[in-house]
Amino acid sequence: MSSPLSKPQIIAHIQKSLNYTVFDSKWIPCSAKFVCLGNFARGTGVIQIYEVQHGEAQLIKEVEKPKPIKCGTFGAASLQQRHIATGDFDGNLHIWNLEAPDVPVYTTKAHKEIVNSIDGVGGLGIGDGAPEIVTGSRDGTVKVWDPRQKDLPVANMEPVGGETRRDCWTVAFGHAFNDQDRCVCAGYDNGDIKLFDLRNMSLRWETNIKNGVCCVEFDRKDININKLVATSLEGKFHVFDMRTQHPTKGFASISEKAHKSTIWQVRHLPQNRDIFMTAGGAGNLHLWKYEYPAQRSKKDSDGVNVGVAGSVNLLQNVNLSTQPIASLDWSPDKQGLCLCSGFDQSVRVLIVTKLNVA
């Protein structure tokens, strides 16, 4: 029997209380710094930069902005510049140089309403092809932006006339394994998940998981699509095996109920795509590992390939707060270093041990 200490442990290393509501927090690539995005009680936005020094988080820069900031990504930035793209409550997409964050280096009115979610690809050496940013909004649209092109999106996925506009809660890039191919996955408040193929400008697949989709993420952005995790209200998440698409059954999947509260976020470990962490509405974190089945596909009665889902194992869980943990980010540089922030107005740096033996 293995001892409890042989499993990965989730250790809260630093906890920093903030004087505003924090919606997103991200490690700045190739550094010991992180950025927090949110809004002050007076209705303005805030960008804060912290550096981890001697077991403490030191505030090194703070900038106030006119509108509350909901989400951010470094995914389309070069490693040299490390500019962050943000979406705000007014539907604006901004790109900031954190060395001089007073004026954005790029700005566009991306949506009519709040930008709920943002993701980037083609930067940081992750994903082939042009740097692109995807935004999802309450206005029901999902738009892809090239930061080198002003004002007009390179793709706009919106409901056709007559269709109800659903609130888009989450967006993620994937399948960026060569110069041409790229996919965007979007999750909506009514449980819809849609996979858009940007190469053919078509809807490749859609499904409904019967509950609002809080977060979607591919296990890797820069490989042939392999797995997708979608989290939802009421504590359930789904893992889809994306390697085999059946003409009528779609992708094989498994679902797991982690707890009763909303799963706000899922993030895959950058150093191991089969390990991922979910963040919950009751202030908890769950660390999972996906196990592949013996065979990932089989022939159905008509001789057509159909996917076979694997299983998930809970490696560890921890309760950090009584309030929801709304953002989660693994360090791309240091395995096991993790950042999370929540509605208890605090940001935490965590260390997750023994991930190499999990």
# chains A, B, ... in the order shown; residues from 1 in each chain; ligands from 1
$ select_by_dssp --residues "segment 100-341 of chain A" --states "strand (DSSP E)" --output "ChimeraX atom specification"
/A:106-109,115-121,132-137,142-145,155-157,168-174,183-188,192-197,202-208,213-218,227-232,236-246,250-257,263-269,272-280,284-291,297-299,305-307,311-319,325-330,337-341
$ closest_atom_pairs --of "segment 9-74 of chain A" --to "segment 326-330 of chain A" --cutoff "7 Å" --atoms "only C-alpha atoms" --output "CSV"
residue,atom,partner,partner_atom,distance
A:Phe23,CA,A:Ala326,CA,6.4
A:Asp24,CA,A:Ser327,CA,5.2
A:Ser25,CA,A:Ser327,CA,6.3
A:Lys26,CA,A:Asp329,CA,5.9
A:Trp27,CA,A:Asp329,CA,6.9
$ write_last_selection --atoms "N, CA, C and O atoms" --output "PDB file, in the first residue's frame"
ATOM      1  N   PHE A  23     -10.323  38.674 -11.334  1.00  0.00           N
ATOM      2  CA  PHE A  23     -10.996  37.750 -12.243  1.00  0.00           C
ATOM      3  C   PHE A  23     -10.026  36.781 -12.912  1.00  0.00           C
ATOM      4  O   PHE A  23     -10.399  35.676 -13.275  1.00  0.00           O
ATOM      5  N   ASP A  24      -8.793  37.215 -13.119  1.00  0.00           N
ATOM      6  CA  ASP A  24      -7.838  36.356 -13.822  1.00  0.00           C
ATOM      7  C   ASP A  24      -6.438  36.645 -13.306  1.00  0.00           C
ATOM      8  O   ASP A  24      -6.128  37.782 -12.911  1.00  0.00           O
ATOM      9  N   SER A  25      -5.606  35.612 -13.305  1.00  0.00           N
ATOM     10  CA  SER A  25      -4.198  35.788 -12.929  1.00  0.00           C
ATOM     11  C   SER A  25      -3.359  34.860 -13.800  1.00  0.00           C
ATOM     12  O   SER A  25      -3.756  33.721 -14.047  1.00  0.00           O
ATOM     13  N   LYS A  26      -2.223  35.359 -14.260  1.00  0.00           N
ATOM     14  CA  LYS A  26      -1.386  34.608 -15.203  1.00  0.00           C
ATOM     15  C   LYS A  26       0.084  34.787 -14.871  1.00  0.00           C
ATOM     16  O   LYS A  26       0.527  35.894 -14.536  1.00  0.00           O
ATOM     17  N   TRP A  27       0.850  33.697 -14.986  1.00  0.00           N
ATOM     18  CA  TRP A  27       2.303  33.796 -14.905  1.00  0.00           C
ATOM     19  C   TRP A  27       2.811  34.563 -16.128  1.00  0.00           C
ATOM     20  O   TRP A  27       2.345  34.345 -17.243  1.00  0.00           O
TER      21      TRP A  27
END
$ residues_around --residues "Ser202 of chain A" --least-positions-apart "4" --cutoff "10 Å" --atoms "only C-alpha atoms" --output "compact mmCIF listing (two decimals) with C-alpha atoms, in the first residue's frame"
# COMPACT_ATOMS: atom_id res chain seq x y z
CA MET A 157 -18.58 32.82 -35.47
CA CYS A 183 -9.46 24.98 -34.30
CA LEU A 195 -15.74 23.09 -32.44
CA PHE A 196 -14.92 25.52 -35.25
CA ASP A 197 -12.39 24.56 -37.94
CA LEU A 198 -10.58 27.79 -38.87
$ residues_around --residues "segment 122-132 of chain A" --least-positions-apart "2" --cutoff "7 Å" --atoms "only C-alpha atoms" --output "JSON list (two decimals) with N, CA and C atoms, in the first residue's frame"
[["chain", "number", "residue", "atom", "x", "y", "z"],
["A", 75, "GLY", "N", -0.90, 34.03, -24.86],
["A", 75, "GLY", "CA", -0.77, 33.00, -25.88],
["A", 75, "GLY", "C", -0.37, 33.46, -27.26],
["A", 76, "ALA", "N", -0.60, 34.75, -27.59],
["A", 76, "ALA", "CA", -0.24, 35.25, -28.93],
["A", 76, "ALA", "C", 1.01, 36.12, -28.89],
["A", 77, "ALA", "N", 1.66, 36.20, -27.72],
["A", 77, "ALA", "CA", 2.81, 37.10, -27.56],
["A", 77, "ALA", "C", 4.11, 36.38, -27.90],
["A", 78, "SER", "N", 5.09, 37.15, -28.37],
["A", 78, "SER", "CA", 6.41, 36.57, -28.57],
["A", 78, "SER", "C", 7.12, 36.48, -27.22],
["A", 79, "LEU", "N", 8.07, 35.57, -27.11],
["A", 79, "LEU", "CA", 8.80, 35.42, -25.85],
["A", 79, "LEU", "C", 9.64, 36.65, -25.55],
["A", 120, "GLY", "N", -5.01, 32.65, -26.67],
["A", 120, "GLY", "CA", -4.08, 33.01, -27.72],
["A", 120, "GLY", "C", -3.29, 31.81, -28.18],
["A", 134, "VAL", "N", -8.43, 34.66, -29.64],
["A", 134, "VAL", "CA", -9.87, 34.40, -29.77],
["A", 134, "VAL", "C", -10.57, 34.96, -28.55],
["A", 144, "VAL", "N", -12.02, 35.73, -33.87],
["A", 144, "VAL", "CA", -10.57, 35.47, -33.91],
["A", 144, "VAL", "C", -9.90, 36.72, -34.46],
["A", 145, "TRP", "N", -8.83, 37.16, -33.76],
["A", 145, "TRP", "CA", -8.14, 38.40, -34.10],
["A", 145, "TRP", "C", -6.68, 38.12, -34.42],
["A", 146, "ASP", "N", -6.17, 38.84, -35.42],
["A", 146, "ASP", "CA", -4.73, 38.85, -35.69],
["A", 146, "ASP", "C", -4.21, 40.20, -35.19],
["A", 147, "PRO", "N", -3.32, 40.21, -34.18],
["A", 147, "PRO", "CA", -2.88, 41.49, -33.62],
["A", 147, "PRO", "C", -2.16, 42.38, -34.64],
["A", 176, "ALA", "N", -3.28, 23.41, -33.56],
["A", 176, "ALA", "CA", -2.38, 24.31, -34.30],
["A", 176, "ALA", "C", -1.03, 23.62, -34.51],
["A", 177, "PHE", "N", -1.07, 22.47, -35.21],
["A", 177, "PHE", "CA", 0.16, 21.68, -35.33],
["A", 177, "PHE", "C", 0.91, 21.93, -36.63],
["A", 178, "ASN", "N", 0.34, 22.74, -37.52],
["A", 178, "ASN", "CA", 1.08, 23.16, -38.73],
["A", 178, "ASN", "C", 0.62, 24.57, -39.11],
["A", 179, "ASP", "N", 1.11, 25.09, -40.22],
["A", 179, "ASP", "CA", 0.81, 26.48, -40.59],
["A", 179, "ASP", "C", -0.65, 26.70, -40.98],
["A", 180, "GLN", "N", -1.33, 25.64, -41.42],
["A", 180, "GLN", "CA", -2.69, 25.83, -41.94],
["A", 180, "GLN", "C", -3.79, 25.49, -40.94],
["A", 221, "LYS", "N", -2.29, 22.79, -27.28],
["A", 221, "LYS", "CA", -2.76, 23.61, -28.42],
["A", 221, "LYS", "C", -2.06, 23.25, -29.71],
["A", 222, "ASP", "N", -0.83, 22.74, -29.60],
["A", 222, "ASP", "CA", 0.04, 22.66, -30.77],
["A", 222, "ASP", "C", 0.24, 21.24, -31.30]]
$ closest_residue --among "A:Ala12, A:Cys214, A:Leu228, A:Val312" --to "Trp264 of chain A" --atoms "only C-alpha atoms"
A:Cys214
$ residues_around --residues "Gly250 of chain A" --least-positions-apart "4" --cutoff "12 Å" --atoms "only C-alpha atoms" --output "list in words"
Lys194, Leu195, Arg204, Trp205, Glu206, Thr207, Asn208, Phe240, Asp241, Met242, Arg243, Thr244, Gln245, His246, Val304, Asn305, Val306, Gly307 and Val308 of chain A
$ write_last_selection --atoms "C-alpha atoms" --output "PDB file, in the first residue's frame"
ATOM      1  CA  LYS A 194     -18.980  23.951 -30.617  1.00  0.00           C
ATOM      2  CA  LEU A 195     -15.744  23.092 -32.437  1.00  0.00           C
ATOM      3  CA  ARG A 204     -16.705  20.703 -37.331  1.00  0.00           C
ATOM      4  CA  TRP A 205     -18.678  19.303 -34.385  1.00  0.00           C
ATOM      5  CA  GLU A 206     -21.161  20.290 -31.710  1.00  0.00           C
ATOM      6  CA  THR A 207     -22.704  18.684 -28.663  1.00  0.00           C
ATOM      7  CA  ASN A 208     -24.635  19.654 -25.543  1.00  0.00           C
ATOM      8  CA  PHE A 240     -13.555  13.962 -24.927  1.00  0.00           C
ATOM      9  CA  ASP A 241     -11.116  11.800 -26.897  1.00  0.00           C
ATOM     10  CA  MET A 242     -10.713  13.941 -30.035  1.00  0.00           C
ATOM     11  CA  ARG A 243      -8.624  11.509 -32.116  1.00  0.00           C
ATOM     12  CA  THR A 244     -11.566   9.589 -33.622  1.00  0.00           C
ATOM     13  CA  GLN A 245     -14.667  11.398 -34.865  1.00  0.00           C
ATOM     14  CA  HIS A 246     -17.602   9.123 -35.707  1.00  0.00           C
ATOM     15  CA  VAL A 304     -16.739   2.617 -39.043  1.00  0.00           C
ATOM     16  CA  ASN A 305     -14.143   3.723 -36.497  1.00  0.00           C
ATOM     17  CA  VAL A 306     -15.579   4.921 -33.198  1.00  0.00           C
ATOM     18  CA  GLY A 307     -13.529   6.327 -30.300  1.00  0.00           C
ATOM     19  CA  VAL A 308     -13.108   4.637 -26.923  1.00  0.00           C
TER      20      VAL A 308
END
$ residues_around --residues "Gln345 of chain A" --least-positions-apart "3" --cutoff "7 Å" --atoms "only C-alpha atoms" --output "list in words"
Ser17, Leu18, Asn19, Tyr20, Thr21, Val22 and Gly342 of chain A
$ residues_around --residues "segment 40-49 of chain A" --least-positions-apart "2" --cutoff "7 Å" --atoms "only C-alpha atoms" --output "number ranges by chain"
A: 20-21, 33-38, 51, 59-69
$ closest_residue --among "A:Ala309, A:Gly336, A:Gly281, A:Gln149" --to "Gln295 of chain A" --atoms "only C-alpha atoms"
A:Ala309
$ closest_residue --among "A:Thr248, A:Ser261, A:Asn156, A:Ser253" --to "Ser232 of chain A" --atoms "only C-alpha atoms"
A:Ser261
